[in-house]
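K.L.:
As input, take entry-v9.txt (compact mmCIF, C-alpha atoms):
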```txt
# COMPACT_ATOMS: atom_id res chain seq x y z
CA MET A 2 113.38 66.75 32.15
CA SER A 3 116.52 68.72 31.50
CA PRO A 4 117.30 69.74 27.92
CA GLY A 5 119.12 67.00 26.05
CA ALA A 6 117.96 64.26 28.44
CA HIS A 7 116.05 61.32 27.03
CA LEU A 8 113.42 59.09 28.55
CA SER A 9 115.00 56.17 30.33
CA ASP A 10 113.78 52.74 31.37
CA THR A 11 115.52 53.27 34.71
CA GLU A 12 113.18 53.40 37.67
CA LYS A 13 114.20 55.32 40.76
CA THR A 14 112.80 54.30 44.12
CA PHE A 15 112.58 55.78 47.55
CA SER A 16 112.14 54.37 51.02
CA GLU A 17 108.75 53.29 52.35
CA ALA A 18 109.51 55.55 55.31
CA ASP A 19 109.83 58.60 53.04
CA ILE A 20 106.94 60.86 52.12
CA ILE A 21 107.24 63.17 49.13
CA VAL A 22 105.47 66.47 49.79
CA SER A 23 104.67 69.41 47.57
CA LYS A 24 102.31 72.36 47.57
CA THR A 25 101.11 74.38 44.60
CA ASP A 26 99.15 77.51 43.93
CA LEU A 27 95.83 77.38 42.05
CA LYS A 28 97.61 77.23 38.69
CA GLY A 29 99.72 74.24 39.72
CA ARG A 30 102.98 76.14 40.26
CA ILE A 31 105.12 74.64 43.02
CA THR A 32 105.22 76.79 46.16
CA TYR A 33 106.85 74.20 48.44
CA CYS A 34 108.57 70.84 48.09
CA ASN A 35 110.45 68.74 50.59
CA GLU A 36 113.97 67.36 50.34
CA ILE A 37 112.96 63.85 49.23
CA PHE A 38 110.97 65.36 46.33
CA CYS A 39 114.06 67.27 45.20
CA GLU A 40 116.29 64.23 45.66
CA ILE A 41 114.18 61.75 43.70
CA ALA A 42 113.17 64.20 40.95
CA GLY A 43 116.76 65.40 40.54
CA TYR A 44 116.13 69.11 40.97
CA SER A 45 117.19 71.61 43.60
CA TYR A 46 114.59 73.36 45.74
CA LYS A 47 115.31 76.65 43.95
CA GLU A 48 114.85 75.00 40.54
CA LEU A 49 111.41 73.64 41.48
CA ILE A 50 109.86 76.63 43.25
CA GLY A 51 107.63 78.55 40.84
CA GLN A 52 107.72 75.79 38.21
CA PRO A 53 104.54 74.04 37.07
CA HIS A 54 104.10 70.71 38.86
CA SER A 55 103.90 69.21 35.38
CA ILE A 56 107.70 69.54 35.24
CA ILE A 57 107.68 65.96 36.56
CA ARG A 58 104.81 64.70 34.36
CA HIS A 59 105.81 61.50 32.62
CA PRO A 60 104.43 60.99 29.09
CA ASP A 61 103.29 57.48 30.11
CA MET A 62 100.65 59.04 32.38
CA PRO A 63 97.19 59.15 30.82
CA ARG A 64 95.98 62.72 30.43
CA CYS A 65 92.48 61.65 31.45
CA VAL A 66 93.76 60.73 34.94
CA PHE A 67 95.13 64.24 35.41
CA GLU A 68 91.93 65.72 33.98
CA LEU A 69 89.94 63.81 36.60
CA LEU A 70 92.40 64.69 39.37
CA TRP A 71 92.32 68.43 38.62
CA LYS A 72 88.53 68.48 38.34
CA ARG A 73 88.11 66.71 41.67
CA ILE A 74 90.52 68.91 43.63
CA ALA A 75 89.21 72.10 42.01
CA ASP A 76 85.75 71.01 43.21
CA GLY A 77 87.13 70.73 46.76
CA HIS A 78 87.60 66.95 46.94
CA GLU A 79 90.65 64.91 47.84
CA VAL A 80 92.05 62.42 45.34
CA PHE A 81 94.13 59.28 45.63
CA ALA A 82 96.02 58.26 42.50
CA TYR A 83 98.88 56.17 41.24
CA VAL A 84 101.22 58.42 39.29
CA LYS A 85 104.30 57.78 37.20
CA ASN A 86 106.60 60.79 37.50
CA LEU A 87 109.56 61.92 35.43
CA CYS A 88 112.99 62.69 36.86
CA ARG A 89 115.25 65.39 35.52
CA GLY A 90 117.59 62.86 33.89
CA GLY A 91 114.79 60.95 32.16
CA GLU A 92 114.38 58.23 34.80
CA PHE A 93 110.96 57.66 36.36
CA TYR A 94 109.41 56.87 39.72
CA TRP A 95 105.97 55.66 40.78
CA VAL A 96 104.02 57.14 43.69
CA PHE A 97 100.73 56.62 45.45
CA ALA A 98 99.55 60.22 45.75
CA HIS A 99 97.04 61.85 48.05
CA VAL A 100 96.15 65.29 46.69
CA THR A 101 93.97 67.73 48.59
CA PRO A 102 92.85 71.32 48.16
CA THR A 103 94.15 73.85 50.67
CA PHE A 104 91.51 76.22 52.03
CA ASP A 105 91.77 79.66 53.61
CA ASN A 106 89.79 80.64 56.72
CA ALA A 107 86.77 81.55 54.58
CA GLY A 108 86.70 78.10 52.97
CA LYS A 109 88.07 79.29 49.62
CA ILE A 110 90.56 77.04 47.81
CA ILE A 111 93.95 78.77 47.74
CA GLY A 112 96.18 75.94 46.53
CA TYR A 113 96.82 72.22 46.61
CA HIS A 114 98.83 69.87 48.79
CA SER A 115 100.15 66.47 47.78
CA THR A 116 101.76 63.72 49.80
CA ARG A 117 103.18 60.72 47.98
CA ARG A 118 104.26 57.33 49.24
CA VAL A 119 105.83 54.25 47.70
CA PRO A 120 103.07 52.31 45.92
CA GLU A 121 102.53 48.58 46.23
CA ARG A 122 104.41 46.95 43.35
CA LYS A 123 101.81 44.19 42.89
CA ILE A 124 99.03 46.76 42.38
CA LEU A 125 101.17 48.63 39.86
CA ASN A 126 102.09 45.52 37.90
CA ASP A 127 98.73 43.76 38.02
CA ALA A 128 96.31 46.67 37.68
CA ILE A 129 97.65 50.18 37.20
CA ILE A 130 100.33 49.76 34.52
CA PRO A 131 98.12 47.67 32.18
CA PHE A 132 95.13 49.97 32.75
CA TYR A 133 97.17 53.13 32.14
CA GLN A 134 98.69 51.57 29.02
CA GLN A 135 95.19 50.96 27.69
CA LEU A 136 94.25 54.60 28.38
CA ILE A 137 97.44 55.87 26.73
CA GLU A 138 96.75 53.79 23.61
CA MET A 139 93.27 55.35 23.39
CA GLU A 140 94.74 58.82 23.79
CA GLN A 141 97.31 58.24 21.05
CA ALA A 142 95.04 56.45 18.53
CA PRO A 143 93.22 59.44 16.97
CA LYS A 144 95.08 62.11 15.02
CA SER A 145 93.65 64.74 17.33
CA ARG A 146 95.09 64.90 20.85
CA LYS A 147 91.79 66.36 22.03
CA ASP A 148 89.83 63.42 20.55
CA GLY A 149 92.21 60.97 22.17
CA GLN A 150 91.80 62.52 25.59
CA HIS A 151 88.03 62.58 25.13
CA ASN A 152 88.05 58.87 24.22
CA SER A 153 90.15 57.88 27.23
CA SER A 154 88.10 60.07 29.59
CA GLU A 155 84.90 58.51 28.29
CA PHE A 156 86.35 55.01 28.64
CA LEU A 157 87.42 55.74 32.24
CA ALA A 158 83.97 57.13 33.12
CA ASN A 159 82.25 54.11 31.54
CA TYR A 160 84.62 51.69 33.27
CA LEU A 161 83.80 53.20 36.66
CA SER A 162 80.07 53.27 35.89
CA ASP A 163 80.04 49.69 34.61
CA ASN A 164 81.81 48.54 37.77
CA ARG A 165 79.54 50.70 39.95
CA VAL A 166 82.44 52.42 41.69
CA THR A 167 83.70 55.95 42.07
CA TYR A 168 87.26 56.70 41.04
CA ASP A 169 88.29 56.75 44.71
CA GLU A 170 86.66 53.38 45.36
CA PHE A 171 88.40 51.95 42.31
CA ILE A 172 91.83 53.16 43.45
CA LEU A 173 91.42 52.32 47.13
CA THR A 174 90.14 48.79 46.53
CA LEU A 175 92.98 47.63 44.26
```
Will you turn the file into structure tokens for me?
P.N.:
Amino acid sequence: MSPGAHLSDTEKTFSEADIIVSKTDLKGRITYCNEIFCEIAGYSYKELIGQPHSIIRHPDMPRCVFELLWKRIADGHEVFAYVKNLCRGGEFYWVFAHVTPTFDNAGKIIGYHSTRRVPERKILNDAIIPFYQQLIEMEQAPKSRKDGQHNSSEFLANYLSDNRVTYDEFILTL
């Protein structure tokens, strides 16, 4: 978000035909992004290249979801996730993301690739937004940010275990 901008309740949308694409290095710095990414996020290509992908991280996103995402892709797995992103001007946009590691010829992870589509509004409203709000409340309850993230991560792990699903099964069956 640009300096001086404030969080807004304004949601930006993009066409179902559009696919937002970005690539990062191992540290999460953007090495490529397509035009629709720049357009919806409100940044130029030059402004985004080299920046941490977290430049678009919305504070309404539970940290435990990103913790799980980064662990899975660092272990060589793909991840599907619903993500609320932050625009430069404080607006937000939701995506259904597919994040994968990028491998070199020797099978070593050299970066990450993400494609994002328009999510189904019913899934967001009925499942994701209330669930994420619950996780955020757990993260914000303790005085310690670390304790809050631990609590939400533990809750997410228990939720998946209690429902006998993996994170991917949970997301893909909503």
K.L.:
When you count only C-alpha atoms, which of these residues is closest to Thr11 (chain A): A:Phe38, A:Phe81, A:His59, A:Tyr94?
P.N.:
A:Tyr94
K.L.:
So how far away is CA of Ser154 (chain A) from CA of Gln141 (chain A), in Å?
P.N.:
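CA of Ser154 (chain A) lies at a distance of 12.7 Å from CA of Gln141 (chain A).
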K.L.:
For Val96 (chain A), which of A:Ile74, A:Ile129, A:Ile50, A:Leu69 is the closest residue, counting only C-alpha atoms?
P.N.:
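Looking at the shortest contact to Val96 (chain A), the residue is A:Ile129.
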K.L.:
CA of Leu125 (chain A) to CA of Ile172 (chain A): how many Å, to one decimal?
P.N.:
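Separation of CA of Leu125 (chain A) and CA of Ile172 (chain A): 11.0 Å.
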K.L.:
Restricting the calculation to only C-alpha atoms, which member of A:Val100, A:Ile31, A:Val66, A:Cys39 is positioned closest to Gln52 (chain A)?
P.N.:
A:Ile31
K.L.:
Between A:Tyr133, A:Tyr168, A:Phe97, A:Phe104, single out the one closest to Arg117 (chain A), counting all atoms listed in the file.
P.N.:
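Selected residue with least distance to Arg117 (chain A): A:Phe97.
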K.L.:
Env of Arg64 (chain A): 10 Å cut, atoms = all atoms listed in the file, seq-sep filter 6 positions within chain, self excluded. Answer as a ChimeraX atom specification.
P.N.:
/A:58,70,133,136-137,140,146,149-151,153-154
K.L.:
Would you mind reading off the distance between CA of Glu121 (chain A) and CA of Asp10 (chain A), one decimal, in Å?
P.N.:
19.1 Å
K.L.:
Could you model all heavy atoms for region 74-85 of chain A and present them as a PDB file, in the frame of the given file?
P.N.:
```pdb
ATOM      1  N   ILE A  74      89.950  68.019  42.609  1.00  0.00           N
ATOM      2  CA  ILE A  74      90.520  68.910  43.630  1.00  0.00           C
ATOM      3  C   ILE A  74      90.012  70.338  43.456  1.00  0.00           C
ATOM      4  O   ILE A  74      89.807  71.040  44.445  1.00  0.00           O
ATOM      5  CB  ILE A  74      92.056  68.840  43.710  1.00  0.00           C
ATOM      6  CG1 ILE A  74      92.725  69.235  42.411  1.00  0.00           C
ATOM      7  CG2 ILE A  74      92.503  67.453  44.183  1.00  0.00           C
ATOM      8  CD1 ILE A  74      94.248  69.294  42.467  1.00  0.00           C
ATOM      9  N   ALA A  75      89.768  70.758  42.226  1.00  0.00           N
ATOM     10  CA  ALA A  75      89.210  72.100  42.010  1.00  0.00           C
ATOM     11  C   ALA A  75      87.792  72.200  42.562  1.00  0.00           C
ATOM     12  O   ALA A  75      87.346  73.279  42.958  1.00  0.00           O
ATOM     13  CB  ALA A  75      89.214  72.450  40.518  1.00  0.00           C
ATOM     14  N   ASP A  76      87.093  71.057  42.624  1.00  0.00           N
ATOM     15  CA  ASP A  76      85.750  71.010  43.210  1.00  0.00           C
ATOM     16  C   ASP A  76      85.782  70.841  44.730  1.00  0.00           C
ATOM     17  O   ASP A  76      84.740  70.679  45.359  1.00  0.00           O
ATOM     18  CB  ASP A  76      84.928  69.874  42.593  1.00  0.00           C
ATOM     19  CG  ASP A  76      84.499  70.162  41.159  1.00  0.00           C
ATOM     20  OD1 ASP A  76      84.576  71.331  40.729  1.00  0.00           O
ATOM     21  OD2 ASP A  76      84.083  69.207  40.469  1.00  0.00           O
ATOM     22  N   GLY A  77      86.997  70.802  45.302  1.00  0.00           N
ATOM     23  CA  GLY A  77      87.130  70.730  46.760  1.00  0.00           C
ATOM     24  C   GLY A  77      87.263  69.331  47.328  1.00  0.00           C
ATOM     25  O   GLY A  77      87.178  69.151  48.536  1.00  0.00           O
ATOM     26  N   HIS A  78      87.487  68.332  46.480  1.00  0.00           N
ATOM     27  CA  HIS A  78      87.600  66.950  46.940  1.00  0.00           C
ATOM     28  C   HIS A  78      89.052  66.499  46.987  1.00  0.00           C
ATOM     29  O   HIS A  78      89.883  66.979  46.220  1.00  0.00           O
ATOM     30  CB  HIS A  78      86.829  66.016  45.999  1.00  0.00           C
ATOM     31  CG  HIS A  78      85.398  66.362  45.854  1.00  0.00           C
ATOM     32  ND1 HIS A  78      84.460  66.110  46.827  1.00  0.00           N
ATOM     33  CD2 HIS A  78      84.737  66.971  44.836  1.00  0.00           C
ATOM     34  CE1 HIS A  78      83.286  66.538  46.416  1.00  0.00           C
ATOM     35  NE2 HIS A  78      83.418  67.070  45.216  1.00  0.00           N
ATOM     36  N   GLU A  79      89.331  65.534  47.841  1.00  0.00           N
ATOM     37  CA  GLU A  79      90.650  64.910  47.840  1.00  0.00           C
ATOM     38  C   GLU A  79      90.677  63.826  46.779  1.00  0.00           C
ATOM     39  O   GLU A  79      89.636  63.326  46.359  1.00  0.00           O
ATOM     40  CB  GLU A  79      90.962  64.314  49.215  1.00  0.00           C
ATOM     41  CG  GLU A  79      90.096  63.134  49.591  1.00  0.00           C
ATOM     42  CD  GLU A  79      90.395  62.586  50.968  1.00  0.00           C
ATOM     43  OE1 GLU A  79      91.416  62.959  51.575  1.00  0.00           O
ATOM     44  OE2 GLU A  79      89.594  61.767  51.454  1.00  0.00           O
ATOM     45  N   VAL A  80      91.888  63.459  46.353  1.00  0.00           N
ATOM     46  CA  VAL A  80      92.050  62.420  45.340  1.00  0.00           C
ATOM     47  C   VAL A  80      93.228  61.534  45.727  1.00  0.00           C
ATOM     48  O   VAL A  80      94.264  62.027  46.183  1.00  0.00           O
ATOM     49  CB  VAL A  80      92.327  63.037  43.952  1.00  0.00           C
ATOM     50  CG1 VAL A  80      92.659  61.961  42.932  1.00  0.00           C
ATOM     51  CG2 VAL A  80      91.155  63.856  43.474  1.00  0.00           C
ATOM     52  N   PHE A  81      93.033  60.240  45.522  1.00  0.00           N
ATOM     53  CA  PHE A  81      94.130  59.280  45.630  1.00  0.00           C
ATOM     54  C   PHE A  81      94.408  58.792  44.215  1.00  0.00           C
ATOM     55  O   PHE A  81      93.479  58.517  43.459  1.00  0.00           O
ATOM     56  CB  PHE A  81      93.727  58.087  46.508  1.00  0.00           C
ATOM     57  CG  PHE A  81      93.569  58.451  47.958  1.00  0.00           C
ATOM     58  CD1 PHE A  81      92.335  58.856  48.450  1.00  0.00           C
ATOM     59  CD2 PHE A  81      94.645  58.394  48.818  1.00  0.00           C
ATOM     60  CE1 PHE A  81      92.184  59.195  49.780  1.00  0.00           C
ATOM     61  CE2 PHE A  81      94.505  58.735  50.162  1.00  0.00           C
ATOM     62  CZ  PHE A  81      93.269  59.138  50.641  1.00  0.00           C
ATOM     63  N   ALA A  82      95.680  58.692  43.860  1.00  0.00           N
ATOM     64  CA  ALA A  82      96.020  58.260  42.500  1.00  0.00           C
ATOM     65  C   ALA A  82      97.409  57.652  42.463  1.00  0.00           C
ATOM     66  O   ALA A  82      98.291  58.039  43.226  1.00  0.00           O
ATOM     67  CB  ALA A  82      95.959  59.448  41.542  1.00  0.00           C
ATOM     68  N   TYR A  83      97.564  56.700  41.555  1.00  0.00           N
ATOM     69  CA  TYR A  83      98.880  56.170  41.240  1.00  0.00           C
ATOM     70  C   TYR A  83      99.426  57.006  40.099  1.00  0.00           C
ATOM     71  O   TYR A  83      98.741  57.227  39.101  1.00  0.00           O
ATOM     72  CB  TYR A  83      98.782  54.697  40.818  1.00  0.00           C
ATOM     73  CG  TYR A  83      98.410  53.804  41.970  1.00  0.00           C
ATOM     74  CD1 TYR A  83      97.083  53.542  42.269  1.00  0.00           C
ATOM     75  CD2 TYR A  83      99.394  53.244  42.777  1.00  0.00           C
ATOM     76  CE1 TYR A  83      96.735  52.733  43.345  1.00  0.00           C
ATOM     77  CE2 TYR A  83      99.062  52.427  43.855  1.00  0.00           C
ATOM     78  CZ  TYR A  83      97.725  52.179  44.122  1.00  0.00           C
ATOM     79  OH  TYR A  83      97.392  51.382  45.186  1.00  0.00           O
ATOM     80  N   VAL A  84     100.650  57.504  40.274  1.00  0.00           N
ATOM     81  CA  VAL A  84     101.220  58.420  39.290  1.00  0.00           C
ATOM     82  C   VAL A  84     102.655  58.010  38.958  1.00  0.00           C
ATOM     83  O   VAL A  84     103.457  57.748  39.861  1.00  0.00           O
ATOM     84  CB  VAL A  84     101.203  59.874  39.804  1.00  0.00           C
ATOM     85  CG1 VAL A  84     101.820  60.828  38.786  1.00  0.00           C
ATOM     86  CG2 VAL A  84      99.786  60.316  40.162  1.00  0.00           C
ATOM     87  N   LYS A  85     102.927  57.992  37.674  1.00  0.00           N
ATOM     88  CA  LYS A  85     104.300  57.780  37.200  1.00  0.00           C
ATOM     89  C   LYS A  85     104.882  59.154  36.929  1.00  0.00           C
ATOM     90  O   LYS A  85     104.359  59.909  36.108  1.00  0.00           O
ATOM     91  CB  LYS A  85     104.304  56.933  35.920  1.00  0.00           C
ATOM     92  CG  LYS A  85     105.695  56.592  35.425  1.00  0.00           C
ATOM     93  CD  LYS A  85     105.626  55.680  34.194  1.00  0.00           C
ATOM     94  CE  LYS A  85     106.990  55.207  33.757  1.00  0.00           C
ATOM     95  NZ  LYS A  85     106.887  54.316  32.576  1.00  0.00           N
TER      96      LYS A  85
END
```
